[in-house]
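This report refers to the structure that appears directly beneath it.
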Amino acid sequence: MYSFLNDYSEGAHPRILDALYKLNKEQNIGYGKDNHCIRAKEAIKKHLLKDDVDIHFIPGGTQANLLVISSFLRPHECVIAADTGHINVHETGAIEATGHKVVIMPHEDGKLTPASIEKAIKYHTDEHMVKPGMVYLSNTTELGTIYNKAELTAIRELCNKFGLLLFLDGARLGSALTCESNDVKISDLANLTDVFTIGGTKNGALLGEALVIARDDLKEDFRYLIKQRGAMMAKGFVLGLQFEELFRDNLYFTLASHANDMAEKIADTLKNNGYSFYATPVTNQLFPIMPNILLKELSKEYNFMIDHEIDDNYSVIRLVTSWATSEESVDKLCEFLSTK
């Protein structure tokens, strides 16, 4: 059975594996102070067109989210997120376990809007309630949609107005930046957000996220906080080496673009065969609405996730492509969908 269950089923891109093998017996300084981490940071900074950012390599996305939110909020402050947000749905209460409430607002195609954020801010009026201190976005969203530059700018301006931090979870940032409808550059994020992540786990790396801190007053002592939260790898060079390779010659964007291209091919086939979508298909996550009777047949050939039921006859499923998804597997899926 071929899996369209997620974009982290495979190991790592061969170039990364080759680099890890080639340098396997090389001795490196520990805890992210090695030359590979240094070179990876410099390569990322060139793409950001900005030198005055701090970059840290974190093993996983949930760790990165927990670190950012618990480190930068005061004890009485909360973070605002879409009800579909990863920190609300898929992190086992990790944020709440640090003492910070996640205040959720209804999504619009997976996204928060300035109006919904402002509504949350104005609802929390005094010291008897948690105080909004941060807005959490993900790009792509949990529904595979993206924020355009105008939307991010409007949210940035709202955060400035009310004194909130803006954090963007980029676990699937590559897919967002390389999709056809995107108008945001990676360099924009260093100006539009206070902190964001560049996901490697879901885009060709064995593991790892690059956490970028753009706001100066958030930088101090952050390595202490990484260590305290158990996110500082002794063999930090394993992370640095992977991002060094990913950003050596645009490999990061090439891999994400491939995942999007494979998803687009599936989306076009679904559209041509009369299927509709729960969320606008723009990146490597697709959410088609399909008859349950067909899903039984589909599940014999492919792994995928049933997101939720629409009614007794129809369900929303999630199909995800990756940097390693083969065109052959996509062609077979498209053939299956076209004959049903």
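Each chain in the structure tokens gets a letter, A, B and so on, in the order shown; residues start at 1 in every chain, and ligands are counted from 1 in the order they appear.
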
**Item:** Distance query Ile55 in chain A at most 12 Å, only C-alpha atoms, self and fewer than 3 positions along chain excluded, as a ChimeraX atom specification
**Value:** /A:32-33,37-45,48,50-52,58,64,190,195-198,209-215,218-219,222-223,240,243

Do you know which residues are at most 9 Å from Phe167 in chain A counting only C-alpha atoms, after dropping those on the same chain fewer than 4 positions away, and could you put them as a PDB file with N, CA and C atoms, in the first residue's frame?
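Now in out-v2.pdb:
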ATOM      1  N   ASN A  65       7.420  24.973  19.215  1.00  0.00           N
ATOM      2  CA  ASN A  65       6.235  25.740  19.594  1.00  0.00           C
ATOM      3  C   ASN A  65       6.184  25.957  21.101  1.00  0.00           C
ATOM      4  N   VAL A  68       8.920  28.556  22.188  1.00  0.00           N
ATOM      5  CA  VAL A  68       8.612  29.946  21.847  1.00  0.00           C
ATOM      6  C   VAL A  68       7.532  30.499  22.770  1.00  0.00           C
ATOM      7  N   ILE A  69       6.449  29.766  22.903  1.00  0.00           N
ATOM      8  CA  ILE A  69       5.295  30.288  23.643  1.00  0.00           C
ATOM      9  C   ILE A  69       5.591  30.375  25.137  1.00  0.00           C
ATOM     10  N   MET A 134       0.215  36.896  22.555  1.00  0.00           N
ATOM     11  CA  MET A 134       0.827  36.391  21.321  1.00  0.00           C
ATOM     12  C   MET A 134      -0.250  35.878  20.382  1.00  0.00           C
ATOM     13  N   VAL A 135       0.031  36.002  19.089  1.00  0.00           N
ATOM     14  CA  VAL A 135      -0.795  35.387  18.050  1.00  0.00           C
ATOM     15  C   VAL A 135       0.026  34.283  17.397  1.00  0.00           C
ATOM     16  N   TYR A 136      -0.582  33.109  17.285  1.00  0.00           N
ATOM     17  CA  TYR A 136       0.065  31.953  16.660  1.00  0.00           C
ATOM     18  C   TYR A 136      -0.591  31.689  15.307  1.00  0.00           C
ATOM     19  N   LEU A 137       0.230  31.675  14.264  1.00  0.00           N
ATOM     20  CA  LEU A 137      -0.214  31.309  12.923  1.00  0.00           C
ATOM     21  C   LEU A 137       0.605  30.118  12.456  1.00  0.00           C
ATOM     22  N   SER A 138       0.087  29.366  11.501  1.00  0.00           N
ATOM     23  CA  SER A 138       0.919  28.379  10.819  1.00  0.00           C
ATOM     24  C   SER A 138       0.760  28.572   9.316  1.00  0.00           C
ATOM     25  N   THR A 193       7.113  38.991  11.171  1.00  0.00           N
ATOM     26  CA  THR A 193       6.894  38.235  12.410  1.00  0.00           C
ATOM     27  C   THR A 193       7.988  38.564  13.426  1.00  0.00           C
ATOM     28  N   ASP A 194       7.727  38.201  14.668  1.00  0.00           N
ATOM     29  CA  ASP A 194       8.750  38.345  15.709  1.00  0.00           C
ATOM     30  C   ASP A 194       9.609  37.095  15.794  1.00  0.00           C
ATOM     31  N   VAL A 195       8.990  35.958  15.517  1.00  0.00           N
ATOM     32  CA  VAL A 195       9.701  34.681  15.547  1.00  0.00           C
ATOM     33  C   VAL A 195       8.963  33.715  14.627  1.00  0.00           C
ATOM     34  N   PHE A 196       9.718  32.882  13.913  1.00  0.00           N
ATOM     35  CA  PHE A 196       9.100  31.883  13.036  1.00  0.00           C
ATOM     36  C   PHE A 196      10.020  30.682  12.910  1.00  0.00           C
ATOM     37  N   THR A 197       9.441  29.599  12.423  1.00  0.00           N
ATOM     38  CA  THR A 197      10.238  28.394  12.224  1.00  0.00           C
ATOM     39  C   THR A 197      10.262  28.016  10.752  1.00  0.00           C
TER      40      THR A 197
END

**Prompt:** Where in range 139-221 of chain A does DSSP assign helix (DSSP H, G or I), given as a PyMOL selection string?
**Reply:** chain A and resi 149-162+173-178+186-192+216-218

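Here the question is which of A:Ala120, A:Ile266, A:Gln27, A:Leu20 gets nearest to Glu328 in chain A using only C-alpha atoms, and that residue is A:Ile266.
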
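Considering the residues A:Glu220, A:Asn182, A:Val316, A:Ala267 and counting only C-alpha atoms, Asp54 in chain A has its shortest atom-to-atom contact with A:Glu220.
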
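Remark: for Pro75 in chain A, the closest of the candidate residues A:Leu168, A:Ile29, A:Leu206, A:Val130 is A:Val130 (distances computed over only C-alpha atoms).
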
**Request:** With a distance cut-off of 9 Å and only C-alpha atoms, select the neighbouring residues of Glu10 in chain A, excluding the residue or stretch itself and same-chain residues fewer than 2 positions from it, and output the selection as a ChimeraX atom specification.
**Result:** /A:7-8,12-13,204,206,322-324

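CA of Gly99 in chain A is positioned 8.0 Å from CA of Ser70 in chain A.
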
**Request:** Could you pull out the residues in range 86-233 of chain A that DSSP calls strand (DSSP E or B) from the backbone, as a PyMOL selection string?
**Result:** chain A and resi 102-105+108+111+131-138+165-169+195-199+209-213

**Message:** Could you list, as a ChimeraX atom specification, every residue within 10 Å of Ile155 in chain A, counting only C-alpha atoms and ignoring same-chain residues fewer than 6 positions away?
**Reply:** /A:112-115,117-118,135,137,149,161,166,192-193

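Using only C-alpha atoms, the shortest contact distance between His86 in chain A and any of A:Ser329, A:Thr98, A:Gln63, A:Thr141 is found at A:Thr141.
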
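Computed from the coordinates, the CA of Cys334 in chain A to CA of Phe4 in chain A distance equals 12.6 Å.
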
**Request:** Tell me, as a list in words, which residues lie within 10 Å of Ala176 in chain A, counting only C-alpha atoms; anything in the same chain fewer than 6 positions away does not count.
**Result:** Ser138, Asn139, Thr140, Thr141, Gly144, Thr145, Ile146, Tyr147, Asn148, Gly170, Asn182, Asp183, Val184, Lys185, Ile186, Phe253, Ala256, Ser257, Asn260, Val282, Thr283 and Asn284 of chain A

Would you save the residues from that selection as a PDB file, in the first residue's frame, using C-alpha atoms?
ATOM      1  CA  SER A 138       0.919  28.379  10.819  1.00  0.00           C
ATOM      2  CA  ASN A 139       1.879  28.636   7.172  1.00  0.00           C
ATOM      3  CA  THR A 140       0.778  26.406   5.623  1.00  0.00           C
ATOM      4  CA  THR A 141      -2.236  26.073   7.876  1.00  0.00           C
ATOM      5  CA  GLY A 144      -3.038  23.288   3.646  1.00  0.00           C
ATOM      6  CA  THR A 145      -4.048  26.884   2.924  1.00  0.00           C
ATOM      7  CA  ILE A 146      -1.668  29.854   3.035  1.00  0.00           C
ATOM      8  CA  TYR A 147      -1.529  33.435   4.246  1.00  0.00           C
ATOM      9  CA  ASN A 148      -0.788  35.976   1.531  1.00  0.00           C
ATOM     10  CA  GLY A 170       6.577  27.060   9.544  1.00  0.00           C
ATOM     11  CA  ASN A 182       1.974  32.534  -2.868  1.00  0.00           C
ATOM     12  CA  ASP A 183       3.286  36.108  -2.866  1.00  0.00           C
ATOM     13  CA  VAL A 184       5.310  35.925   0.364  1.00  0.00           C
ATOM     14  CA  LYS A 185       9.099  35.608   0.290  1.00  0.00           C
ATOM     15  CA  ILE A 186      11.027  33.972   3.086  1.00  0.00           C
ATOM     16  CA  PHE A 253      12.559  24.973  -2.109  1.00  0.00           C
ATOM     17  CA  ALA A 256       8.770  21.583  -1.376  1.00  0.00           C
ATOM     18  CA  SER A 257       7.904  22.497  -4.943  1.00  0.00           C
ATOM     19  CA  ASN A 260       3.182  20.774  -4.303  1.00  0.00           C
ATOM     20  CA  VAL A 282      -3.085  25.087  -2.866  1.00  0.00           C
ATOM     21  CA  THR A 283      -0.221  23.123  -1.286  1.00  0.00           C
ATOM     22  CA  ASN A 284       0.726  19.530  -0.507  1.00  0.00           C
TER      23      ASN A 284
END

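Each of A:His124, A:Lys332, A:His47, A:His56 was checked against Leu298 in chain A using only C-alpha atoms; the smallest atom-to-atom distance is that of A:Lys332.
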
**Prompt:** Which residues, written as a list in words, have at least one atom at most 12 Å from Asp83 in chain A, with only C-alpha atoms counted and residues fewer than 4 positions away on the same chain left out?
**Reply:** Val79, Ile87, Asn88, Val89, His90, Val102, Val103, Ile104, Met105, Pro106, His107, Glu108, Asp109, Gly110, Lys111, Leu112, Ser116, Ile117, Tyr136, Leu137, Ser138, Thr141, Glu142 and Leu143 of chain A

Go ahead and save the residues from that selection, with N, CA and C atoms, as an mmCIF file, in the first residue's frame.
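Saved to out.cif:
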data_model
loop_
_atom_site.group_PDB
_atom_site.id
_atom_site.type_symbol
_atom_site.label_atom_id
_atom_site.label_comp_id
_atom_site.auth_asym_id
_atom_site.auth_seq_id
_atom_site.Cartn_x
_atom_site.Cartn_y
_atom_site.Cartn_z
ATOM 1 N N VAL A 79 -2.028 32.701 24.342
ATOM 2 C CA VAL A 79 -1.741 32.787 22.911
ATOM 3 C C VAL A 79 -3.042 32.559 22.144
ATOM 4 N N ILE A 87 -1.155 23.811 17.797
ATOM 5 C CA ILE A 87 -0.968 23.886 19.248
ATOM 6 C C ILE A 87 -2.268 23.603 19.992
ATOM 7 N N ASN A 88 -3.392 23.724 19.303
ATOM 8 C CA ASN A 88 -4.687 23.439 19.928
ATOM 9 C C ASN A 88 -5.105 21.989 19.756
ATOM 10 N N VAL A 89 -4.817 21.424 18.587
ATOM 11 C CA VAL A 89 -5.394 20.128 18.230
ATOM 12 C C VAL A 89 -4.424 18.965 18.399
ATOM 13 N N HIS A 90 -3.151 19.163 18.069
ATOM 14 C CA HIS A 90 -2.250 18.025 17.890
ATOM 15 C C HIS A 90 -1.010 18.034 18.781
ATOM 16 N N VAL A 102 -4.382 28.410 25.534
ATOM 17 C CA VAL A 102 -4.549 28.644 24.101
ATOM 18 C C VAL A 102 -5.982 29.107 23.888
ATOM 19 N N VAL A 103 -6.143 30.352 23.489
ATOM 20 C CA VAL A 103 -7.472 30.898 23.197
ATOM 21 C C VAL A 103 -7.743 30.694 21.716
ATOM 22 N N ILE A 104 -8.778 29.921 21.409
ATOM 23 C CA ILE A 104 -9.028 29.576 20.017
ATOM 24 C C ILE A 104 -10.165 30.413 19.433
ATOM 25 N N MET A 105 -10.015 30.710 18.149
ATOM 26 C CA MET A 105 -11.037 31.436 17.404
ATOM 27 C C MET A 105 -11.377 30.641 16.143
ATOM 28 N N PRO A 106 -12.616 30.759 15.654
ATOM 29 C CA PRO A 106 -13.004 30.009 14.461
ATOM 30 C C PRO A 106 -12.133 30.383 13.253
ATOM 31 N N HIS A 107 -11.786 29.364 12.480
ATOM 32 C CA HIS A 107 -10.940 29.600 11.313
ATOM 33 C C HIS A 107 -11.762 29.991 10.095
ATOM 34 N N GLU A 108 -11.123 30.635 9.163
ATOM 35 C CA GLU A 108 -11.688 30.889 7.839
ATOM 36 C C GLU A 108 -10.739 30.267 6.824
ATOM 37 N N ASP A 109 -11.122 29.126 6.279
ATOM 38 C CA ASP A 109 -10.272 28.356 5.369
ATOM 39 C C ASP A 109 -8.936 28.020 6.042
ATOM 40 N N GLY A 110 -9.017 27.732 7.339
ATOM 41 C CA GLY A 110 -7.838 27.354 8.102
ATOM 42 C C GLY A 110 -7.086 28.509 8.738
ATOM 43 N N LYS A 111 -7.513 29.737 8.470
ATOM 44 C CA LYS A 111 -6.733 30.906 8.871
ATOM 45 C C LYS A 111 -7.415 31.750 9.940
ATOM 46 N N LEU A 112 -6.589 32.448 10.723
ATOM 47 C CA LEU A 112 -7.062 33.515 11.588
ATOM 48 C C LEU A 112 -7.200 34.784 10.760
ATOM 49 N N SER A 116 -11.065 38.313 13.858
ATOM 50 C CA SER A 116 -11.201 37.291 14.897
ATOM 51 C C SER A 116 -10.180 37.492 16.006
ATOM 52 N N ILE A 117 -8.986 37.930 15.640
ATOM 53 C CA ILE A 117 -7.958 38.202 16.645
ATOM 54 C C ILE A 117 -8.387 39.363 17.540
ATOM 55 N N TYR A 136 -0.582 33.109 17.285
ATOM 56 C CA TYR A 136 0.065 31.953 16.660
ATOM 57 C C TYR A 136 -0.591 31.689 15.307
ATOM 58 N N LEU A 137 0.230 31.675 14.264
ATOM 59 C CA LEU A 137 -0.214 31.309 12.923
ATOM 60 C C LEU A 137 0.605 30.118 12.456
ATOM 61 N N SER A 138 0.087 29.366 11.501
ATOM 62 C CA SER A 138 0.919 28.379 10.819
ATOM 63 C C SER A 138 0.760 28.572 9.316
ATOM 64 N N THR A 141 -1.358 26.372 6.768
ATOM 65 C CA THR A 141 -2.236 26.073 7.876
ATOM 66 C C THR A 141 -2.435 24.567 7.969
ATOM 67 N N GLU A 142 -3.169 24.155 8.991
ATOM 68 C CA GLU A 142 -3.464 22.729 9.156
ATOM 69 C C GLU A 142 -4.385 22.212 8.053
ATOM 70 N N LEU A 143 -4.971 23.108 7.288
ATOM 71 C CA LEU A 143 -5.815 22.704 6.161
ATOM 72 C C LEU A 143 -5.112 22.897 4.817
#
